[in-house]
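J.: What follows is the file input_26.cif, containing mmCIF, C-alpha atoms:
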data_entry
loop_
_atom_site.label_atom_id
_atom_site.label_comp_id
_atom_site.auth_asym_id
_atom_site.auth_seq_id
_atom_site.Cartn_x
_atom_site.Cartn_y
_atom_site.Cartn_z
CA MET A 1 57.00 5.18 -69.41
CA PHE A 2 58.88 6.47 -66.38
CA ASP A 3 61.79 4.15 -65.52
CA ILE A 4 62.04 4.19 -61.72
CA GLY A 5 65.27 2.24 -61.77
CA SER A 6 67.06 4.85 -63.85
CA TYR A 7 66.27 7.50 -61.25
CA LEU A 8 67.33 5.48 -58.23
CA TYR A 9 70.96 5.73 -59.31
CA LEU A 10 71.15 9.28 -60.58
CA LYS A 11 73.83 11.48 -59.10
CA PRO A 12 71.56 14.15 -57.62
CA PHE A 13 71.97 17.86 -57.34
CA ARG A 14 69.76 18.58 -54.39
CA LEU A 15 66.62 20.68 -54.32
CA ARG A 16 66.83 20.44 -50.55
CA ASP A 17 67.58 17.58 -48.18
CA MET A 18 64.11 16.06 -48.08
CA SER A 19 62.11 13.10 -49.32
CA PHE A 20 59.00 11.06 -48.64
CA ASP A 21 60.76 8.73 -46.22
CA ALA A 22 59.54 6.35 -43.52
CA ALA A 23 58.81 9.25 -41.16
CA ALA A 24 56.52 10.85 -43.77
CA PHE A 25 54.47 7.68 -44.18
CA ASN A 26 54.44 7.02 -40.44
CA VAL A 27 52.39 10.16 -39.76
CA PHE A 28 49.31 8.13 -40.69
CA SER A 29 49.90 5.83 -37.72
CA VAL A 30 49.68 8.79 -35.30
CA GLN A 31 46.40 8.56 -33.42
CA GLY A 32 44.04 11.51 -32.98
CA LEU A 33 43.15 14.45 -35.23
CA GLU A 34 45.37 17.15 -33.75
CA PRO A 35 48.42 14.91 -33.10
CA ARG A 36 48.26 13.63 -36.69
CA MET A 37 47.80 17.12 -38.10
CA GLN A 38 50.81 18.29 -36.11
CA ALA A 39 52.84 15.41 -37.54
CA ILE A 40 51.65 16.26 -41.07
CA ARG A 41 52.62 19.91 -40.65
CA GLN A 42 56.04 19.01 -39.27
CA ARG A 43 56.94 16.15 -41.60
CA ILE A 44 55.11 16.64 -44.90
CA TRP A 45 54.32 20.32 -45.46
CA THR A 46 57.91 21.27 -46.24
CA GLU A 47 58.02 18.66 -48.99
CA PHE A 48 54.67 19.87 -50.28
CA ASP A 49 55.89 23.48 -50.32
CA VAL A 50 58.99 22.72 -52.37
CA PHE A 51 57.57 20.17 -54.81
CA SER A 52 54.39 22.18 -55.45
CA GLU A 53 56.34 25.36 -56.15
CA HIS A 54 58.53 23.44 -58.58
CA ILE A 55 55.44 22.13 -60.39
CA ALA A 56 53.75 25.55 -60.41
CA ARG A 57 56.76 27.24 -62.00
CA HIS A 58 57.28 24.41 -64.47
CA VAL A 59 53.68 24.67 -65.69
CA GLN A 60 54.04 28.46 -65.90
CA LYS A 61 57.04 28.04 -68.20
CA GLU A 62 55.55 25.26 -70.33
CA LEU A 63 52.24 27.06 -70.88
CA ASP A 64 53.81 30.53 -71.17
CA MET A 65 51.74 31.87 -68.29
CA GLN A 66 52.30 35.30 -66.74
CA ALA A 67 52.44 33.85 -63.22
CA PRO A 68 52.82 30.42 -61.64
CA LEU A 69 49.77 28.44 -60.61
CA HIS A 70 48.28 29.02 -57.17
CA ILE A 71 49.21 26.58 -54.40
CA HIS A 72 46.79 25.34 -51.73
CA VAL A 73 47.91 22.98 -48.97
CA ALA A 74 45.07 20.89 -47.51
CA LYS A 75 44.55 21.96 -43.91
CA HIS A 76 41.61 19.60 -43.22
CA ALA A 77 40.03 22.46 -41.26
CA ARG A 78 36.49 21.06 -41.40
CA ARG A 79 37.46 17.92 -39.53
CA THR A 80 36.42 17.80 -35.89
CA SER A 81 37.28 14.23 -34.86
CA ASN A 82 38.56 11.79 -37.48
CA ALA A 83 42.20 12.18 -38.52
CA PRO A 84 42.81 12.33 -42.30
CA ASP A 85 43.91 9.11 -44.00
CA SER A 86 45.65 11.10 -46.72
CA THR A 87 46.83 14.65 -47.27
CA TRP A 88 47.70 16.72 -50.32
CA VAL A 89 48.63 20.00 -51.90
CA ALA A 90 46.73 21.36 -54.90
CA VAL A 91 48.48 23.29 -57.67
CA GLY A 92 46.00 25.36 -59.65
CA GLY A 93 42.69 27.15 -59.20
CA ASP A 94 42.59 30.76 -58.08
CA LYS A 95 43.71 32.63 -54.97
CA ARG A 96 40.57 31.58 -53.09
CA GLY A 97 40.65 27.86 -53.75
CA TYR A 98 41.06 25.02 -56.20
CA LYS A 99 38.01 22.73 -56.16
CA LYS A 100 36.03 24.43 -58.92
CA TYR A 101 38.98 23.99 -61.31
CA PRO A 102 40.95 21.11 -62.78
CA HIS A 103 44.22 21.14 -60.88
CA PHE A 104 47.36 19.17 -60.22
CA GLN A 105 47.54 17.43 -56.89
CA ILE A 106 50.49 15.98 -54.99
CA GLY A 107 49.43 13.69 -52.17
CA ILE A 108 50.43 10.94 -49.79
CA ASN A 109 48.69 8.24 -47.77
CA ASP A 110 50.08 5.27 -45.88
CA GLU A 111 50.47 3.26 -49.10
CA TYR A 112 51.74 5.60 -51.79
CA VAL A 113 52.68 9.07 -53.03
CA PHE A 114 50.75 10.37 -56.03
CA ILE A 115 50.69 13.22 -58.52
CA VAL A 116 47.55 13.60 -60.59
CA LEU A 117 45.33 15.85 -62.65
CA ALA A 118 42.24 16.15 -60.46
CA CYS A 119 38.61 17.05 -61.13
CA ILE A 120 36.89 16.49 -57.80
CA ASP A 121 33.90 17.74 -55.82
CA ASN A 122 31.90 18.80 -58.90
CA PRO A 123 34.10 21.53 -60.38
CA LEU A 124 32.71 23.98 -62.91
CA TYR A 125 32.45 22.51 -66.42
CA GLU A 126 33.00 18.97 -65.17
CA VAL A 127 30.38 17.66 -67.58
CA GLU A 128 31.97 19.45 -70.54
CA ILE A 129 35.44 18.25 -69.54
CA ALA A 130 34.26 14.66 -69.14
CA ARG A 131 32.50 14.74 -72.52
CA GLU A 132 35.66 16.00 -74.21
CA PHE A 133 37.72 13.29 -72.52
CA THR A 134 35.10 10.72 -73.57
CA ASN A 135 35.42 11.83 -77.19
CA ARG A 136 39.21 11.51 -76.95
CA ALA A 137 39.26 8.22 -75.07
CA ALA A 138 41.49 6.59 -77.66
CA GLU A 139 44.19 9.18 -76.90
CA LEU A 140 43.82 8.65 -73.15
CA GLU A 141 44.41 4.94 -73.63
CA LYS A 142 47.84 5.79 -75.10
CA LEU A 143 49.10 7.29 -71.83
CA SER A 144 52.11 5.56 -70.29
CA ASP A 145 51.46 2.07 -68.98
CA ASP A 146 51.86 3.10 -65.35
CA PHE A 147 49.20 5.83 -65.44
CA ILE A 148 46.31 5.26 -63.06
CA ILE A 149 42.86 6.66 -62.36
CA ILE A 150 41.53 7.20 -58.84
CA PRO A 151 37.72 7.38 -59.17
CA ASP A 152 37.09 8.67 -55.63
CA HIS A 153 39.51 11.10 -53.98
CA THR A 154 38.37 10.01 -50.52
CA ARG A 155 39.56 6.43 -51.09
CA LYS A 156 42.90 4.82 -51.92
CA GLU A 157 41.62 2.39 -54.57
CA TYR A 158 42.83 2.99 -58.12
CA GLU A 159 42.89 1.32 -61.53
CA LYS A 160 45.47 1.38 -64.29
CA CYS A 161 44.31 3.41 -67.27
CA SER A 162 45.27 0.51 -69.51
CA ASP A 163 42.87 -1.78 -67.64
CA ILE A 164 39.72 0.32 -67.97
CA ASP A 165 37.46 1.47 -70.77
CA CYS A 166 38.25 5.20 -70.76
CA GLU A 167 35.27 6.07 -72.95
CA GLN A 168 32.90 4.33 -70.55
CA PHE A 169 34.61 5.78 -67.47
CA PHE A 170 34.49 9.42 -68.57
CA ASN A 171 30.99 9.03 -69.97
CA ARG A 172 29.97 8.04 -66.43
CA VAL A 173 31.71 11.14 -65.03
CA ALA A 174 29.70 13.24 -67.48
CA HIS A 175 26.37 11.75 -66.38
CA VAL A 176 26.71 10.91 -62.67
CA LYS A 177 26.66 13.98 -60.44
CA ARG A 178 28.99 12.63 -57.74
CA ALA A 179 31.43 11.00 -60.16
CA GLU A 180 34.94 12.44 -60.31
CA PHE A 181 38.47 11.49 -61.27
CA MET A 182 42.13 11.89 -60.50
CA MET A 183 44.50 10.74 -63.25
CA GLY A 184 48.26 10.41 -63.03
CA ARG A 185 50.95 8.29 -61.41
CA LEU A 186 51.82 6.92 -58.00
CA LEU A 187 54.88 5.60 -56.18
CA SER A 188 54.42 2.80 -53.69
CA GLN A 189 55.79 3.48 -50.23
CA SER A 190 58.71 1.11 -50.78
CA VAL A 191 59.77 2.86 -53.99
CA ALA A 192 59.15 6.41 -52.75
CA ARG A 193 61.33 5.81 -49.70
CA GLU A 194 64.26 4.87 -51.97
CA MET A 195 64.07 8.07 -54.02
CA ASN A 196 65.70 11.35 -53.05
CA ASP A 197 64.19 14.77 -53.66
CA GLU A 198 65.74 15.25 -57.09
CA GLN A 199 64.54 11.89 -58.31
CA THR A 200 61.05 12.46 -56.92
CA SER A 201 60.89 15.89 -58.54
CA ALA A 202 61.98 14.48 -61.91
CA TRP A 203 59.25 11.83 -61.68
CA MET A 204 56.66 14.50 -60.88
CA ILE A 205 57.75 16.76 -63.73
CA GLN A 206 57.65 13.91 -66.23
CA THR A 207 54.14 13.01 -65.07
CA VAL A 208 52.94 16.61 -65.30
CA ASP A 209 54.40 16.93 -68.80
CA GLU A 210 52.29 13.99 -69.95
CA LEU A 211 49.21 15.48 -68.27
CA LEU A 212 49.69 19.03 -69.56
CA PRO A 213 47.75 18.56 -72.84
CA TRP A 214 44.79 17.28 -70.80
CA TYR A 215 45.05 20.12 -68.29
CA ARG A 216 45.10 22.62 -71.14
CA THR A 217 42.08 20.94 -72.75
CA ALA A 218 40.14 21.06 -69.48
CA MET A 219 41.00 24.69 -68.79
CA ARG A 220 39.77 25.86 -72.21
CA PHE A 221 36.20 25.66 -70.91
CA TYR A 222 36.96 28.38 -68.37
CA GLY A 223 37.85 30.98 -70.99
CA GLU A 224 38.65 34.33 -69.41
CA GLU A 225 36.88 33.51 -66.15
CA LYS A 226 40.04 32.53 -64.26
#
As a first step, turn the structure in this file into structure tokens.

T.:
Amino acid sequence: MFDIGSYLYLKPFRLRDMSFDAAAFNVFSVQGLEPRMQAIRQRIWTEFDVFSEHIARHVQKELDMQAPLHIHVAKHARRTSNAPDSTWVAVGGDKRGYKKYPHFQIGINDEYVFIVLACIDNPLYEVEIAREFTNRAAELEKLSDDFIIIPDHTRKEYEKCSDIDCEQFFNRVAHVKRAEFMMGRLLSQSVAREMNDEQTSAWMIQTVDELLPWYRTAMRFYGEEK
């Protein structure tokens, strides 16, 4: 289990002078689509750029890949009126996009920062992935106590993995067309604001390391396609 307290007092060597501070969370109080998007670009995208690149290169090293994973920052381009309640950067997929692949996702809303393994919007092989996870539910239930599942990427609600029946949950993903999942960790706003960039990065890397076996399992269904 990740010990937040141990990271709050680390002597940091800085990635860069940045963090998910009050100003980052406050972008979600900005009214209007374009004003909020401008605030997101100015206050959050730099953090996304640095943390996502760190994750992409870490996964490249751990999985002995020839190149780092692709990075896709959510631009919310299809929105015409309503401002986004959350924003994210995806790490994975191909050069054209990420939604048809399992991918890592770093995101923020007005309540928390999260890093997850995401299978959303009916990716290819979602049924096969969900069936495999169903068959290995006992292993999923051994994830660290603070791991959570977000069953709908458009909403903030989540459940702790330890509080749900993983076999039942992933069996539903396999059989319900619109079902999806994001699995990983989150930091509440109050905790995230106390952590500097090095501490946040360490927390993300530790989370990704625990998710890597599941990412590798999911990606096996894609074979040589990617």

J.: Find the spatial neighbours of A:Leu124, counting only C-alpha atoms, within a cut-off of 12 Å - ignore same-chain residues fewer than 3 positions away - and output them as a VMD selection string.

T.: chain A and resid 93 98 to 102 119 to 121 127 to 130 177 218 to 223 225 to 226

J.: Using atom CA of A:Ile148 and atom CA of A:Gln168 as the two end points, give the distance in Å to one decimal.

T.: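 Calculated distance between atom CA of A:Ile148 and atom CA of A:Gln168 is 15.4 Å.
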
J.: Can you tell me which residues surround A:Arg155 at a distance of at most 10 Å, considering only C-alpha atoms, apart from same-chain residues fewer than 2 positions away, and format the answer as a list in words?

T.: Asp85, Ser86, Asn109, Ile150, Pro151, Asp152, His153, Glu157 and Tyr158 of chain A

J.: Write out as a VMD selection string the residues lying within 7 Å of stretch 70-80 of chain A, counting only C-alpha atoms and excluding same-chain residues fewer than 3 positions away.

T.: chain A and resid 52 87 to 95 97

J.: Which of these, A:Arg43, A:Arg36, A:His58, A:Lys156, has the shortest distance to A:Phe114 once you count only C-alpha atoms?

T.: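 Nearest to A:Phe114: A:Lys156.
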
J.: Which residues of stretch 104-153 of chain A come within 10 Å of stretch 19-34 of chain A, and what is each one's closest atom pair and distance in Å (one decimal), counting only C-alpha atoms, sorted by chain and residue number, as a Markdown table?

T.:
| residue | atom | partner | partner_atom | distance |
| --- | --- | --- | --- | --- |
| A:Ile108 | CA | A:Phe25 | CA | 7.6 |
| A:Asn109 | CA | A:Phe25 | CA | 6.8 |
| A:Asp110 | CA | A:Phe25 | CA | 5.3 |
| A:Glu111 | CA | A:Phe25 | CA | 7.7 |
| A:Tyr112 | CA | A:Phe25 | CA | 8.3 |
| A:Val113 | CA | A:Phe20 | CA | 7.9 |

J.: Store the residues picked out above, limited to C-alpha atoms, as a compact mmCIF listing (two decimals), keeping the file's coordinate frame.

T.:
# COMPACT_ATOMS: atom_id res chain seq x y z
CA ILE A 108 50.43 10.94 -49.79
CA ASN A 109 48.69 8.24 -47.77
CA ASP A 110 50.08 5.27 -45.88
CA GLU A 111 50.47 3.26 -49.10
CA TYR A 112 51.74 5.60 -51.79
CA VAL A 113 52.68 9.07 -53.03

J.: So how far away is atom CA of A:Glu132 from atom CA of A:Val176, in Å?

T.: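 Atom CA of A:Glu132 lies at a distance of 15.5 Å from atom CA of A:Val176.
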
J.: Expand the PyMOL selection byres ((chain A and resi 48) around 9) into the individual residues it matches in the shown file, reporting them as number ranges by chain.

T.: A: 44-47, 49-53, 73, 88-89, 106-107

J.: Taking the file as shown, find all residues satisfying the PyMOL selection byres ((chain A and resi 187) around 10) and write them as a count of residues only.

T.: 19

J.: As an exercise, work out the distance from atom CA of A:Phe169 to atom CA of A:Leu117 in Å and give it to one decimal place.

T.: 15.5 Å

J.: First collect every listed atom of stretch 105-118 of chain A; then fit an axis-aligned box around them, widen it by 6 Å on each side, and give centre and edge lengths in Å to one decimal, as AutoDock Vina command-line options.

T.:
--center_x 47.5 --center_y 10.3 --center_z -54.3 --size_x 22.4 --size_y 26.2 --size_z 28.8

J.: Let me make sure I understand: among A:Ala83, A:Ala118, A:Ile40, A:Met65, which one has the smallest atom-to-atom distance to A:Leu211 if we use all atoms listed in the file?

T.: A:Ala118

J.: Restricting the calculation to all atoms listed in the file, which member of A:Ala39, A:Leu63, A:Met182, A:Ile55 is positioned closest to A:Pro213?

T.: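 Residue with the minimum atom-to-atom distance to A:Pro213: A:Leu63.
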
J.: Keeping C-alpha atoms, write stretch 32-64 of chain A of the structure just shown out as a PDB file, in the first residue's frame.

T.:
ATOM      1  CA  GLY A  32     -18.135  28.769 -19.458  1.00  0.00           C
ATOM      2  CA  LEU A  33     -16.615  26.282 -21.894  1.00  0.00           C
ATOM      3  CA  GLU A  34     -13.884  28.408 -23.455  1.00  0.00           C
ATOM      4  CA  PRO A  35     -12.835  30.210 -20.240  1.00  0.00           C
ATOM      5  CA  ARG A  36     -12.537  26.856 -18.448  1.00  0.00           C
ATOM      6  CA  MET A  37     -10.635  25.285 -21.332  1.00  0.00           C
ATOM      7  CA  GLN A  38      -8.241  28.219 -21.325  1.00  0.00           C
ATOM      8  CA  ALA A  39      -7.702  27.724 -17.585  1.00  0.00           C
ATOM      9  CA  ILE A  40      -7.121  23.991 -18.116  1.00  0.00           C
ATOM     10  CA  ARG A  41      -4.565  24.651 -20.852  1.00  0.00           C
ATOM     11  CA  GLN A  42      -2.747  27.229 -18.751  1.00  0.00           C
ATOM     12  CA  ARG A  43      -2.809  25.484 -15.378  1.00  0.00           C
ATOM     13  CA  ILE A  44      -3.002  21.724 -15.967  1.00  0.00           C
ATOM     14  CA  TRP A  45      -1.533  20.812 -19.354  1.00  0.00           C
ATOM     15  CA  THR A  46       2.063  21.410 -18.276  1.00  0.00           C
ATOM     16  CA  GLU A  47       1.618  18.966 -15.405  1.00  0.00           C
ATOM     17  CA  PHE A  48      -0.005  16.482 -17.759  1.00  0.00           C
ATOM     18  CA  ASP A  49       2.860  16.806 -20.242  1.00  0.00           C
ATOM     19  CA  VAL A  50       5.551  16.090 -17.669  1.00  0.00           C
ATOM     20  CA  PHE A  51       3.832  13.361 -15.650  1.00  0.00           C
ATOM     21  CA  SER A  52       2.554  11.527 -18.740  1.00  0.00           C
ATOM     22  CA  GLU A  53       5.984  11.521 -20.368  1.00  0.00           C
ATOM     23  CA  HIS A  54       7.457  10.140 -17.160  1.00  0.00           C
ATOM     24  CA  ILE A  55       4.878   7.337 -17.124  1.00  0.00           C
ATOM     25  CA  ALA A  56       5.331   6.602 -20.847  1.00  0.00           C
ATOM     26  CA  ARG A  57       9.086   6.210 -20.501  1.00  0.00           C
ATOM     27  CA  HIS A  58       8.774   4.186 -17.312  1.00  0.00           C
ATOM     28  CA  VAL A  59       6.427   1.699 -18.986  1.00  0.00           C
ATOM     29  CA  GLN A  60       8.758   1.538 -21.996  1.00  0.00           C
ATOM     30  CA  LYS A  61      11.624   0.544 -19.710  1.00  0.00           C
ATOM     31  CA  GLU A  62       9.639  -1.912 -17.591  1.00  0.00           C
ATOM     32  CA  LEU A  63       8.118  -3.715 -20.589  1.00  0.00           C
ATOM     33  CA  ASP A  64      11.269  -3.481 -22.730  1.00  0.00           C
TER      34      ASP A  64
END
